[in-house]
Amino acid sequence: MKEITKNLQKYFATKDGSFIDELNDKDKIIFIKELSNVYFRDHLYGEYRSDNNIILSSGSVNHEVFNIPEALKFFIKYALDRDWYGYSDSRGRLQTRVALASYVNTFFDNEPYNSENICITMGATASISALFEYISKNKIKRSGQKLSALCAVPNYPPLVKSMAQHFDVELVELNDYTEGSISLQPVIEKIKPETPVIFLQTVINPSGKKISENSLADLIAKTSENTLIILDECHECFGEKVFGPSRARKNVIRVNSLSKEFFMPGMKLGWFIADKKFIDGYYEYASSSYGSPASFFYLLIEGLAIFEMHRQKGIELDKKFFSEYDISSEKLDELFRDYVQQINKNSKAVIDNRLFAIKRLKDAGFEVIEPSHSLNILIYIPGTTDSYTVFLDLLHNTGVSVYPGVLSFIFSKPYVRISPNVERSVLENGLNKIINFYNS
Ligand SMILES: Cc1ncc(COP(=O)(O)O)c(C=O)c1O
């Protein structure tokens with residue numbers, strides 16, 4: 001029998017995470033990725049699929065309740081009407097990269113970026129996997145063996161698995177929730193001069209806790225330019241946006257996508273920011289592997305970057321940014337007004353849902369790791385011993401799905417994740433079912 005099947009059987013038989021502790025990091029990564037396949041493919045959306053299930057595990061929002069602004073749909077339609085779906089630069093269309101550079105500069109005093117620091121991608125999963133491959137094949141002198149690289153966990157299984165395909169990955173747990181923000185000290189202590197890559201999330205999925213900006217600056221300061229630091233910034237939303245100046249250092253690669261902050265996980269769009277020389281080299285990799293991102297979406301990303309930059313600054317739209325398009329001044333005003341209104345409404349709803357769920361779960365006596373950012377809440381239900389068992393017990397007995405923390409490489413405690421961005425009555429119903437199941 002294959003090792004992985006045996007391990008899955010052992011795990012489901014013992015109903016506690018203890019056997020995972022015995023695996024080395026390489027086997028842990030393979031095991032957790034396979035367990036997440038079982039979760040999505042075989043269980044939640046396989047054998048136990050039901051239209052009656054209340055899904056509080058999506059990691060995203062319910063799109064029937066949380067729509068993207070009409071303005072963004074307008075940009076997509078505008079591109080379609082003009083048949084803008086030809087081949088393009090492998091880094092993405094220049095005007096779109098110019099707009100993105102202006103947007104990301106909004107958060108810095110010294111405008112550290114220009115279009116040559118930006119590469120448009122097909123979302124974070126695709127870009128991080130491509131980055132690992134590109135870096136391992138092109139940026140590192142090797143002696144044939146995989147080099148030892150550091151990966152902070154909790155993390156997202158597909159990304160950790162893709163890292164392990166190119167590096168000998170050492171997992172470093174960051175599960176100290178005693179402070180308001182998370183310290184990177186456990187990772188900092190492991191950095192060696194020869195460490196090729198460090199991979200971490202700046203706001204952690206699933207807890208929604210932010211890495212301390214000072215701690216991130218310390219980590220960056222400890223590395224030489226030969227160590228590449230990949231920051232997954234996808235969850236850096238729905239909370240204070242603070243980006244310290246050291247994030248703009250040459251060996252830092254900042255990855256983002258439209259999946260979380262802008263509710264478009266199925267559009268598979270994003271970007272990364274890096275040193276110009278790194279991106280120049282990456283061009284060759286992109287052009288000979290996937291060609292380019294989907295050119296059809298460039299105007300969407302460009303319009304979003306320009307609108308969001310103005311919204312963040314709280315200023316009127318400067319219509320000069322759209323001078324090469326045939327969109328009237330009145331239409332631009334209308335689109336921008338709608339954009340600001342809808343984004344503000346969505347942000348408020350995300351934060352309200354977060355507060356509502358936190359209160360309900362705390363009042364019920366559950367331990368809640370209160371998020372400062374993003375779309376999720378991490379909880380521990382007293383008396384439970386394994387997060388996957390919590391998922392199965394809840395789904396079978398109440399029809400509510402939660403996301404087991406073990407799938408995010410959380411081994412210290414059986415935390416489960418709740419994504420509360422569904423219609424309020426559905427959320428209330430789902431939370432009541434969870435609480436009644438464990439408290440009665
Ligand atoms: C930390 C993290 N990074 C990346 C992703 C996926 O990004 P994308 O949808 O852009 O591929 C996820 C999805 O849940 C995530 O949690």
# chains A, B, ... in the order shown; residues from 1 in each chain; ligands from 1
$ residues_around --residues "A:Asp109" --least-positions-apart "3" --cutoff "12 Å" --atoms "only C-alpha atoms" --output "number ranges by chain"
A: 104-106, 112-113, 242-245, 248
$ write_last_selection --atoms "N, CA and C atoms" --output "PDB file, in the first residue's frame"
ATOM      1  N   VAL A 104       0.746  50.698  -5.692  1.00  0.00           N
ATOM      2  CA  VAL A 104       1.521  50.133  -4.567  1.00  0.00           C
ATOM      3  C   VAL A 104       2.423  51.201  -3.925  1.00  0.00           C
ATOM      4  N   ASN A 105       2.790  52.234  -4.683  1.00  0.00           N
ATOM      5  CA  ASN A 105       3.577  53.333  -4.102  1.00  0.00           C
ATOM      6  C   ASN A 105       2.783  54.166  -3.091  1.00  0.00           C
ATOM      7  N   THR A 106       1.439  54.085  -3.191  1.00  0.00           N
ATOM      8  CA  THR A 106       0.588  54.845  -2.270  1.00  0.00           C
ATOM      9  C   THR A 106       0.964  54.597  -0.810  1.00  0.00           C
ATOM     10  N   PRO A 112       8.949  53.787  -4.096  1.00  0.00           N
ATOM     11  CA  PRO A 112      10.079  52.926  -4.452  1.00  0.00           C
ATOM     12  C   PRO A 112       9.909  52.151  -5.772  1.00  0.00           C
ATOM     13  N   TYR A 113       8.707  52.110  -6.305  1.00  0.00           N
ATOM     14  CA  TYR A 113       8.463  51.217  -7.444  1.00  0.00           C
ATOM     15  C   TYR A 113       8.113  51.963  -8.725  1.00  0.00           C
ATOM     16  N   VAL A 242      -0.106  48.674   6.714  1.00  0.00           N
ATOM     17  CA  VAL A 242       1.179  49.278   7.075  1.00  0.00           C
ATOM     18  C   VAL A 242       2.271  48.467   6.391  1.00  0.00           C
ATOM     19  N   PHE A 243       3.025  49.118   5.529  1.00  0.00           N
ATOM     20  CA  PHE A 243       4.096  48.424   4.816  1.00  0.00           C
ATOM     21  C   PHE A 243       5.409  49.147   5.113  1.00  0.00           C
ATOM     22  N   GLY A 244       6.225  48.551   5.961  1.00  0.00           N
ATOM     23  CA  GLY A 244       7.499  49.185   6.325  1.00  0.00           C
ATOM     24  C   GLY A 244       8.413  49.314   5.116  1.00  0.00           C
ATOM     25  N   PRO A 245       9.336  50.299   5.153  1.00  0.00           N
ATOM     26  CA  PRO A 245      10.191  50.568   3.992  1.00  0.00           C
ATOM     27  C   PRO A 245      11.072  49.383   3.592  1.00  0.00           C
ATOM     28  N   ALA A 248      10.654  47.063   0.506  1.00  0.00           N
ATOM     29  CA  ALA A 248      11.077  47.442  -0.854  1.00  0.00           C
ATOM     30  C   ALA A 248      12.529  47.051  -1.133  1.00  0.00           C
TER      31      ALA A 248
END
$ residues_around --residues "A:Pro414" --least-positions-apart "2" --cutoff "6 Å" --atoms "only C-alpha atoms" --output "PyMOL selection string"
chain A and resi 385-387
$ select_by_dssp --residues "stretch 29-235 of chain A" --states "helix (DSSP H, G or I)" --output "CSV table (one decimal) with N, CA, C and O atoms, in the first residue's frame"
chain,number,residue,atom,x,y,z
A,29,ILE,N,4.5,17.6,4.6
A,29,ILE,CA,4.0,18.4,3.5
A,29,ILE,C,3.2,17.6,2.6
A,29,ILE,O,2.1,18.0,2.1
A,30,ILE,N,3.7,16.4,2.2
A,30,ILE,CA,3.0,15.5,1.3
A,30,ILE,C,1.7,15.1,2.0
A,30,ILE,O,0.6,15.1,1.3
A,31,PHE,N,1.8,14.8,3.3
A,31,PHE,CA,0.6,14.3,4.0
A,31,PHE,C,-0.5,15.4,4.0
A,31,PHE,O,-1.7,15.1,3.7
A,32,ILE,N,-0.1,16.6,4.4
A,32,ILE,CA,-1.1,17.7,4.6
A,32,ILE,C,-1.7,18.0,3.3
A,32,ILE,O,-2.9,18.3,3.2
A,33,LYS,N,-0.9,18.0,2.2
A,33,LYS,CA,-1.5,18.4,0.9
A,33,LYS,C,-2.5,17.3,0.5
A,33,LYS,O,-3.6,17.6,0.0
A,34,GLU,N,-2.2,16.0,0.7
A,34,GLU,CA,-3.1,14.9,0.4
A,34,GLU,C,-4.4,15.0,1.2
A,34,GLU,O,-5.5,14.8,0.7
A,35,LEU,N,-4.2,15.3,2.5
A,35,LEU,CA,-5.4,15.5,3.4
A,35,LEU,C,-6.3,16.6,2.9
A,35,LEU,O,-7.5,16.5,3.0
A,36,SER,N,-5.7,17.7,2.4
A,36,SER,CA,-6.5,18.8,1.9
A,36,SER,C,-7.2,18.4,0.6
A,36,SER,O,-8.3,18.8,0.3
A,37,ASN,N,-6.6,17.5,-0.2
A,37,ASN,CA,-7.3,17.0,-1.4
A,37,ASN,C,-8.5,16.1,-0.9
A,37,ASN,O,-9.6,16.2,-1.5
A,38,VAL,N,-8.3,15.3,0.1
A,38,VAL,CA,-9.4,14.5,0.6
A,38,VAL,C,-10.5,15.4,1.1
A,38,VAL,O,-11.7,15.1,0.8
A,39,TYR,N,-10.1,16.4,1.8
A,39,TYR,CA,-11.1,17.4,2.3
A,39,TYR,C,-12.0,17.9,1.2
A,39,TYR,O,-13.2,17.8,1.3
A,40,PHE,N,-11.4,18.5,0.2
A,40,PHE,CA,-12.2,19.2,-0.8
A,40,PHE,C,-12.8,18.2,-1.8
A,40,PHE,O,-14.0,18.3,-2.1
A,41,ARG,N,-12.0,17.3,-2.3
A,41,ARG,CA,-12.4,16.5,-3.4
A,41,ARG,C,-13.3,15.3,-3.0
A,41,ARG,O,-14.3,15.1,-3.6
A,42,ASP,N,-12.9,14.7,-1.9
A,42,ASP,CA,-13.6,13.4,-1.5
A,42,ASP,C,-14.7,13.7,-0.5
A,42,ASP,O,-15.7,13.0,-0.5
A,43,HIS,N,-14.4,14.6,0.4
A,43,HIS,CA,-15.4,14.8,1.5
A,43,HIS,C,-16.3,16.0,1.2
A,43,HIS,O,-17.4,15.7,0.8
A,44,LEU,N,-15.9,17.2,1.5
A,44,LEU,CA,-16.8,18.3,1.5
A,44,LEU,C,-17.6,18.5,0.1
A,44,LEU,O,-18.8,18.7,0.1
A,45,TYR,N,-16.8,18.4,-1.0
A,45,TYR,CA,-17.5,18.5,-2.3
A,45,TYR,C,-17.5,17.2,-3.0
A,45,TYR,O,-17.7,17.1,-4.2
A,46,GLY,N,-17.4,16.1,-2.3
A,46,GLY,CA,-17.5,14.7,-2.9
A,46,GLY,C,-18.6,14.0,-2.2
A,46,GLY,O,-19.8,14.4,-2.3
A,47,GLU,N,-18.3,13.0,-1.4
A,47,GLU,CA,-19.2,12.1,-0.7
A,47,GLU,C,-20.3,12.9,0.1
A,47,GLU,O,-21.4,12.5,0.2
A,70,GLU,N,-19.8,47.4,-9.9
A,70,GLU,CA,-20.2,47.4,-11.3
A,70,GLU,C,-19.0,48.0,-12.2
A,70,GLU,O,-18.9,47.6,-13.3
A,71,ALA,N,-18.3,48.9,-11.6
A,71,ALA,CA,-17.2,49.5,-12.3
A,71,ALA,C,-16.2,48.5,-12.8
A,71,ALA,O,-15.8,48.6,-14.0
A,72,LEU,N,-15.9,47.5,-12.0
A,72,LEU,CA,-15.0,46.5,-12.4
A,72,LEU,C,-15.6,45.6,-13.5
A,72,LEU,O,-14.9,45.2,-14.5
A,73,LYS,N,-16.9,45.4,-13.4
A,73,LYS,CA,-17.5,44.6,-14.5
A,73,LYS,C,-17.5,45.4,-15.8
A,73,LYS,O,-17.3,44.9,-16.9
A,74,PHE,N,-17.6,46.7,-15.7
A,74,PHE,CA,-17.6,47.6,-16.8
A,74,PHE,C,-16.3,47.5,-17.5
A,74,PHE,O,-16.2,47.4,-18.8
A,75,PHE,N,-15.2,47.5,-16.8
A,75,PHE,CA,-13.8,47.4,-17.4
A,75,PHE,C,-13.7,46.1,-18.2
A,75,PHE,O,-13.0,46.0,-19.2
A,76,ILE,N,-14.2,45.0,-17.7
A,76,ILE,CA,-14.2,43.7,-18.4
A,76,ILE,C,-15.0,43.8,-19.7
A,76,ILE,O,-14.5,43.4,-20.7
A,77,LYS,N,-16.2,44.3,-19.6
A,77,LYS,CA,-17.0,44.4,-20.8
A,77,LYS,C,-16.4,45.3,-21.8
A,77,LYS,O,-16.5,45.1,-23.0
A,78,TYR,N,-15.8,46.4,-21.3
A,78,TYR,CA,-15.1,47.4,-22.3
A,78,TYR,C,-14.1,46.6,-23.1
A,78,TYR,O,-14.0,46.8,-24.3
A,79,ALA,N,-13.3,45.8,-22.4
A,79,ALA,CA,-12.2,45.1,-23.1
A,79,ALA,C,-12.8,44.1,-24.1
A,79,ALA,O,-12.3,43.9,-25.2
A,80,LEU,N,-13.9,43.4,-23.7
A,80,LEU,CA,-14.5,42.4,-24.5
A,80,LEU,C,-15.0,43.1,-25.8
A,80,LEU,O,-14.9,42.6,-26.9
A,81,ASP,N,-15.7,44.2,-25.6
A,81,ASP,CA,-16.3,44.9,-26.7
A,81,ASP,C,-15.3,45.3,-27.8
A,81,ASP,O,-15.6,45.5,-28.9
A,94,LEU,N,2.1,47.2,-20.4
A,94,LEU,CA,2.9,48.3,-19.7
A,94,LEU,C,2.0,49.2,-18.9
A,94,LEU,O,2.2,49.5,-17.8
A,95,GLN,N,0.9,49.7,-19.6
A,95,GLN,CA,0.0,50.7,-18.9
A,95,GLN,C,-0.5,50.1,-17.6
A,95,GLN,O,-0.7,50.9,-16.6
A,96,THR,N,-0.8,48.8,-17.6
A,96,THR,CA,-1.4,48.2,-16.4
A,96,THR,C,-0.3,48.1,-15.3
A,96,THR,O,-0.6,48.4,-14.1
A,97,ARG,N,0.9,47.9,-15.7
A,97,ARG,CA,2.0,47.8,-14.7
A,97,ARG,C,2.3,49.2,-14.2
A,97,ARG,O,2.7,49.4,-13.0
A,98,VAL,N,2.2,50.2,-15.0
A,98,VAL,CA,2.4,51.6,-14.6
A,98,VAL,C,1.3,51.9,-13.5
A,98,VAL,O,1.7,52.5,-12.4
A,99,ALA,N,0.1,51.6,-13.8
A,99,ALA,CA,-1.0,51.9,-12.8
A,99,ALA,C,-0.8,51.1,-11.5
A,99,ALA,O,-1.0,51.7,-10.4
A,100,LEU,N,-0.4,49.9,-11.6
A,100,LEU,CA,-0.1,49.1,-10.4
A,100,LEU,C,1.0,49.6,-9.6
A,100,LEU,O,1.0,49.7,-8.3
A,101,ALA,N,2.1,50.1,-10.3
A,101,ALA,CA,3.2,50.7,-9.5
A,101,ALA,C,2.7,51.9,-8.8
A,101,ALA,O,3.1,52.1,-7.6
A,102,SER,N,1.9,52.8,-9.4
A,102,SER,CA,1.4,54.0,-8.7
A,102,SER,C,0.6,53.6,-7.5
A,102,SER,O,0.7,54.2,-6.5
A,103,TYR,N,-0.2,52.5,-7.7
A,103,TYR,CA,-1.1,52.1,-6.6
A,103,TYR,C,-0.2,51.6,-5.4
A,103,TYR,O,-0.4,52.0,-4.3
A,104,VAL,N,0.7,50.7,-5.7
A,104,VAL,CA,1.5,50.1,-4.6
A,104,VAL,C,2.4,51.2,-3.9
A,104,VAL,O,2.7,51.1,-2.7
A,105,ASN,N,2.8,52.2,-4.7
A,105,ASN,CA,3.6,53.3,-4.1
A,105,ASN,C,2.8,54.2,-3.1
A,105,ASN,O,3.4,54.9,-2.3
A,115,SER,N,7.1,50.7,-13.2
A,115,SER,CA,6.5,49.6,-13.9
A,115,SER,C,7.5,48.4,-14.0
A,115,SER,O,7.1,47.2,-14.2
A,116,GLU,N,8.8,48.7,-13.9
A,116,GLU,CA,9.8,47.6,-14.1
A,116,GLU,C,9.9,46.7,-12.9
A,116,GLU,O,10.6,45.7,-12.9
A,117,ASN,N,9.2,47.1,-11.8
A,117,ASN,CA,9.2,46.3,-10.6
A,117,ASN,C,8.0,45.4,-10.5
A,117,ASN,O,7.8,44.7,-9.5
A,124,ALA,N,-2.0,34.1,-7.0
A,124,ALA,CA,-0.9,33.9,-6.2
A,124,ALA,C,-0.4,32.4,-6.2
A,124,ALA,O,0.8,32.1,-6.2
A,125,THR,N,-1.4,31.5,-6.3
A,125,THR,CA,-0.9,30.1,-6.4
A,125,THR,C,0.0,29.8,-7.6
A,125,THR,O,1.1,29.3,-7.5
A,126,ALA,N,-0.5,30.3,-8.7
A,126,ALA,CA,0.3,30.1,-10.0
A,126,ALA,C,1.6,30.9,-9.9
A,126,ALA,O,2.7,30.4,-10.3
A,127,SER,N,1.6,32.1,-9.4
A,127,SER,CA,2.8,32.9,-9.4
A,127,SER,C,3.8,32.4,-8.4
A,127,SER,O,5.0,32.3,-8.7
A,128,ILE,N,3.4,32.0,-7.2
A,128,ILE,CA,4.3,31.5,-6.2
A,128,ILE,C,5.0,30.2,-6.7
A,128,ILE,O,6.2,30.0,-6.6
A,129,SER,N,4.1,29.3,-7.3
A,129,SER,CA,4.7,28.1,-7.8
A,129,SER,C,5.7,28.4,-8.9
A,129,SER,O,6.8,27.8,-9.0
A,130,ALA,N,5.4,29.3,-9.8
A,130,ALA,CA,6.3,29.7,-10.9
A,130,ALA,C,7.6,30.3,-10.3
A,130,ALA,O,8.7,30.0,-10.8
A,131,LEU,N,7.4,31.1,-9.2
A,131,LEU,CA,8.6,31.7,-8.6
A,131,LEU,C,9.6,30.7,-8.1
A,131,LEU,O,10.8,30.8,-8.2
A,132,PHE,N,9.0,29.7,-7.4
A,132,PHE,CA,9.9,28.6,-6.8
A,132,PHE,C,10.6,27.9,-7.9
A,132,PHE,O,11.8,27.7,-7.8
A,133,GLU,N,9.9,27.6,-9.0
A,133,GLU,CA,10.6,26.9,-10.1
A,133,GLU,C,11.7,27.8,-10.7
A,133,GLU,O,12.8,27.4,-10.9
A,134,TYR,N,11.3,29.1,-11.0
A,134,TYR,CA,12.2,30.0,-11.6
A,134,TYR,C,13.5,30.2,-10.7
A,134,TYR,O,14.6,30.1,-11.2
A,135,ILE,N,13.3,30.4,-9.4
A,135,ILE,CA,14.4,30.7,-8.5
A,135,ILE,C,15.3,29.4,-8.4
A,135,ILE,O,16.5,29.5,-8.5
A,136,SER,N,14.6,28.3,-8.3
A,136,SER,CA,15.5,27.1,-8.1
A,136,SER,C,16.3,26.7,-9.3
A,136,SER,O,17.4,26.2,-9.2
A,137,LYS,N,15.7,27.0,-10.5
A,137,LYS,CA,16.4,26.6,-11.7
A,137,LYS,C,17.4,27.7,-12.2
A,137,LYS,O,18.4,27.4,-12.9
A,138,ASN,N,17.1,29.0,-11.8
A,138,ASN,CA,17.9,30.0,-12.5
A,138,ASN,C,18.7,30.9,-11.5
A,138,ASN,O,19.6,31.6,-12.0
A,139,LYS,N,18.3,31.0,-10.3
A,139,LYS,CA,18.9,32.0,-9.4
A,139,LYS,C,19.9,31.4,-8.4
A,139,LYS,O,20.5,32.2,-7.7
A,157,PRO,N,-1.5,24.8,1.8
A,157,PRO,CA,-0.8,23.6,1.4
A,157,PRO,C,-0.3,23.6,-0.1
A,157,PRO,O,0.8,23.1,-0.3
A,158,PRO,N,-1.1,24.1,-1.1
A,158,PRO,CA,-0.5,24.0,-2.5
A,158,PRO,C,0.8,24.7,-2.6
A,158,PRO,O,1.7,24.3,-3.4
A,159,LEU,N,0.9,25.8,-1.9
A,159,LEU,CA,2.1,26.7,-2.0
A,159,LEU,C,3.3,26.0,-1.3
A,159,LEU,O,4.4,25.9,-1.8
A,160,VAL,N,3.0,25.3,-0.2
A,160,VAL,CA,4.1,24.6,0.6
A,160,VAL,C,4.6,23.4,-0.3
A,160,VAL,O,5.7,23.1,-0.4
A,161,LYS,N,3.6,22.7,-0.9
A,161,LYS,CA,3.9,21.6,-1.7
A,161,LYS,C,4.8,22.0,-2.9
A,161,LYS,O,5.7,21.4,-3.2
A,162,SER,N,4.4,23.1,-3.5
A,162,SER,CA,5.1,23.5,-4.7
A,162,SER,C,6.6,23.9,-4.3
A,162,SER,O,7.5,23.7,-5.0
A,163,MET,N,6.7,24.5,-3.1
A,163,MET,CA,8.0,24.9,-2.6
A,163,MET,C,8.9,23.6,-2.4
A,163,MET,O,10.0,23.6,-2.8
A,164,ALA,N,8.2,22.6,-1.9
A,164,ALA,CA,8.9,21.3,-1.6
A,164,ALA,C,9.3,20.6,-2.8
A,164,ALA,O,10.2,19.7,-2.8
A,185,GLN,N,10.5,35.8,15.1
A,185,GLN,CA,11.8,35.3,15.7
A,185,GLN,C,12.1,33.9,15.5
A,185,GLN,O,13.3,33.6,15.1
A,186,PRO,N,11.1,32.9,15.5
A,186,PRO,CA,11.5,31.5,15.2
A,186,PRO,C,12.1,31.4,13.8
A,186,PRO,O,13.0,30.5,13.6
A,187,VAL,N,11.7,32.2,12.8
A,187,VAL,CA,12.2,32.1,11.5
A,187,VAL,C,13.6,32.7,11.5
A,187,VAL,O,14.6,32.2,10.9
A,188,ILE,N,13.7,33.9,12.1
A,188,ILE,CA,15.0,34.7,12.1
A,188,ILE,C,16.1,33.8,12.7
A,188,ILE,O,17.2,33.8,12.1
A,213,GLU,N,5.5,44.3,11.9
A,213,GLU,CA,6.2,44.9,10.9
A,213,GLU,C,7.7,45.1,11.3
A,213,GLU,O,8.6,45.0,10.5
A,214,ASN,N,7.9,45.3,12.7
A,214,ASN,CA,9.3,45.4,13.2
A,214,ASN,C,10.0,44.1,13.0
A,214,ASN,O,11.2,44.0,12.7
A,215,SER,N,9.3,43.0,13.3
A,215,SER,CA,9.9,41.7,13.2
A,215,SER,C,10.2,41.3,11.7
A,215,SER,O,11.3,40.8,11.5
A,216,LEU,N,9.4,41.8,10.8
A,216,LEU,CA,9.6,41.5,9.4
A,216,LEU,C,10.9,42.3,9.0
A,216,LEU,O,11.7,41.8,8.3
A,217,ALA,N,11.0,43.6,9.5
A,217,ALA,CA,12.2,44.4,9.2
A,217,ALA,C,13.4,43.7,9.7
A,217,ALA,O,14.5,43.7,9.0
A,218,ASP,N,13.3,43.1,10.9
A,218,ASP,CA,14.5,42.4,11.5
A,218,ASP,C,14.9,41.2,10.6
A,218,ASP,O,16.1,41.0,10.4
A,219,LEU,N,13.9,40.5,10.2
A,219,LEU,CA,14.1,39.4,9.3
A,219,LEU,C,14.8,39.8,8.0
A,219,LEU,O,15.9,39.2,7.6
A,220,ILE,N,14.3,40.8,7.4
A,220,ILE,CA,14.9,41.3,6.1
A,220,ILE,C,16.3,41.8,6.4
A,220,ILE,O,17.2,41.5,5.6
A,221,ALA,N,16.5,42.5,7.5
A,221,ALA,CA,17.9,43.0,7.8
A,221,ALA,C,18.9,41.9,8.0
A,221,ALA,O,20.0,42.1,7.8
A,222,LYS,N,18.4,40.7,8.5
A,222,LYS,CA,19.3,39.6,8.8
A,222,LYS,C,19.8,38.9,7.5
A,222,LYS,O,20.7,38.2,7.5
$ closest_residue --among "A:Ser88, A:Gln165, A:Gln145, A:Asn346" --to "A:Tyr283" --atoms "only C-alpha atoms"
A:Ser88
$ closest_atom_pairs --of "chain A" --to "ligand 1" --cutoff "10 Å" --atoms "only C-alpha atoms and all ligand atoms" --output "Markdown table"
| residue | atom | partner | partner_atom_place_in_ligand_line | distance |
| --- | --- | --- | --- | --- |
| A:Ser58 | CA | ligand 1 | 14 (O) | 8.6 |
| A:Gly59 | CA | ligand 1 | 14 (O) | 6.0 |
| A:Ser60 | CA | ligand 1 | 14 (O) | 7.6 |
| A:Thr121 | CA | ligand 1 | 10 (O) | 8.9 |
| A:Met122 | CA | ligand 1 | 10 (O) | 7.2 |
| A:Gly123 | CA | ligand 1 | 10 (O) | 3.5 |
| A:Ala124 | CA | ligand 1 | 10 (O) | 3.6 |
| A:Thr125 | CA | ligand 1 | 11 (O) | 3.7 |
| A:Ala126 | CA | ligand 1 | 11 (O) | 6.1 |
| A:Ser127 | CA | ligand 1 | 11 (O) | 7.8 |
| A:Ile128 | CA | ligand 1 | 4 (C) | 8.3 |
| A:Ser129 | CA | ligand 1 | 11 (O) | 9.7 |
| A:Val153 | CA | ligand 1 | 1 (C) | 10.0 |
| A:Pro154 | CA | ligand 1 | 1 (C) | 8.7 |
| A:Asn155 | CA | ligand 1 | 1 (C) | 5.9 |
| A:Tyr156 | CA | ligand 1 | 1 (C) | 5.2 |
| A:Pro157 | CA | ligand 1 | 16 (O) | 8.7 |
| A:Pro158 | CA | ligand 1 | 5 (C) | 8.6 |
| A:Leu159 | CA | ligand 1 | 3 (N) | 7.4 |
| A:Leu200 | CA | ligand 1 | 1 (C) | 8.6 |
| A:Gln201 | CA | ligand 1 | 1 (C) | 6.1 |
| A:Thr202 | CA | ligand 1 | 1 (C) | 8.8 |
| A:Val203 | CA | ligand 1 | 1 (C) | 8.0 |
| A:Ile204 | CA | ligand 1 | 1 (C) | 6.7 |
| A:Asn205 | CA | ligand 1 | 16 (O) | 5.4 |
| A:Pro206 | CA | ligand 1 | 16 (O) | 7.4 |
| A:Leu231 | CA | ligand 1 | 3 (N) | 9.7 |
| A:Asp232 | CA | ligand 1 | 3 (N) | 6.0 |
| A:Glu233 | CA | ligand 1 | 3 (N) | 7.5 |
| A:Cys234 | CA | ligand 1 | 3 (N) | 5.6 |
| A:His235 | CA | ligand 1 | 1 (C) | 6.5 |
| A:Glu236 | CA | ligand 1 | 1 (C) | 9.7 |
| A:Val255 | CA | ligand 1 | 3 (N) | 8.6 |
| A:Asn256 | CA | ligand 1 | 10 (O) | 7.0 |
| A:Ser257 | CA | ligand 1 | 10 (O) | 4.6 |
| A:Leu258 | CA | ligand 1 | 10 (O) | 6.4 |
| A:Ser259 | CA | ligand 1 | 9 (O) | 4.8 |
| A:Lys260 | CA | ligand 1 | 9 (O) | 7.4 |
| A:Phe263 | CA | ligand 1 | 9 (O) | 9.6 |
| A:Met264 | CA | ligand 1 | 9 (O) | 8.0 |
| A:Pro265 | CA | ligand 1 | 9 (O) | 4.8 |
| A:Gly266 | CA | ligand 1 | 9 (O) | 7.2 |
| A:Met267 | CA | ligand 1 | 9 (O) | 8.4 |
| A:Lys268 | CA | ligand 1 | 10 (O) | 5.8 |
| A:Leu269 | CA | ligand 1 | 10 (O) | 6.3 |
| A:Gly270 | CA | ligand 1 | 10 (O) | 6.2 |
| A:Trp271 | CA | ligand 1 | 10 (O) | 9.1 |
| A:Ser374 | CA | ligand 1 | 16 (O) | 9.9 |
| A:Ser408 | CA | ligand 1 | 16 (O) | 8.8 |
$ residues_around --residues "A:Ile369" --least-positions-apart "3" --cutoff "8 Å" --atoms "only C-alpha atoms" --output "PyMOL selection string"
chain A and resi 177+207+377-379
$ write_last_selection --atoms "N, CA and C atoms" --output "CSV table (one decimal), in the first residue's frame"
chain,number,residue,atom,x,y,z
A,177,TYR,N,0.0,33.2,19.9
A,177,TYR,CA,-1.0,34.3,19.7
A,177,TYR,C,-1.1,35.2,20.9
A,207,SER,N,-5.5,32.6,10.7
A,207,SER,CA,-5.8,33.4,11.9
A,207,SER,C,-6.2,34.9,11.6
A,377,ILE,N,-11.8,33.6,10.8
A,377,ILE,CA,-11.6,33.6,12.2
A,377,ILE,C,-11.2,32.2,12.6
A,378,LEU,N,-10.2,32.2,13.5
A,378,LEU,CA,-9.7,30.9,14.0
A,378,LEU,C,-10.2,30.6,15.4
A,379,ILE,N,-10.8,29.4,15.6
A,379,ILE,CA,-11.3,29.1,17.0
A,379,ILE,C,-10.8,27.8,17.4
$ closest_residue --among "A:Val402, A:Ala294, A:Val65, A:Ala13" --to "A:Gly92" --atoms "only C-alpha atoms"
A:Ala294
$ select_by_dssp --residues "stretch 32-200 of chain A" --states "strand (DSSP E)" --output "number ranges by chain"
A: 54-55, 118-121, 148-153, 168-173, 197-200
$ closest_residue --among "A:Asp363, A:Glu170, A:Glu308, A:Glu194" --to "A:Ile140" --atoms "only C-alpha atoms"
A:Glu194
$ atom_distance --atom1 "atom CA of A:Leu427" --atom2 "atom CA of A:Leu394"
14.7 Å
$ closest_residue --among "A:Asp21, A:Glu64, A:Glu179, A:Asp27" --to "A:Asn421" --atoms "only C-alpha atoms"
A:Glu64
$ residues_around --residues "A:Leu361" --least-positions-apart "6" --cutoff "8 Å" --atoms "only C-alpha atoms" --output "number ranges by chain"
A: 367-368, 431, 435
$ closest_residue --among "A:Glu423, A:Glu189, A:Glu334, A:Glu3" --to "A:Pro69" --atoms "only C-alpha atoms"
A:Glu334
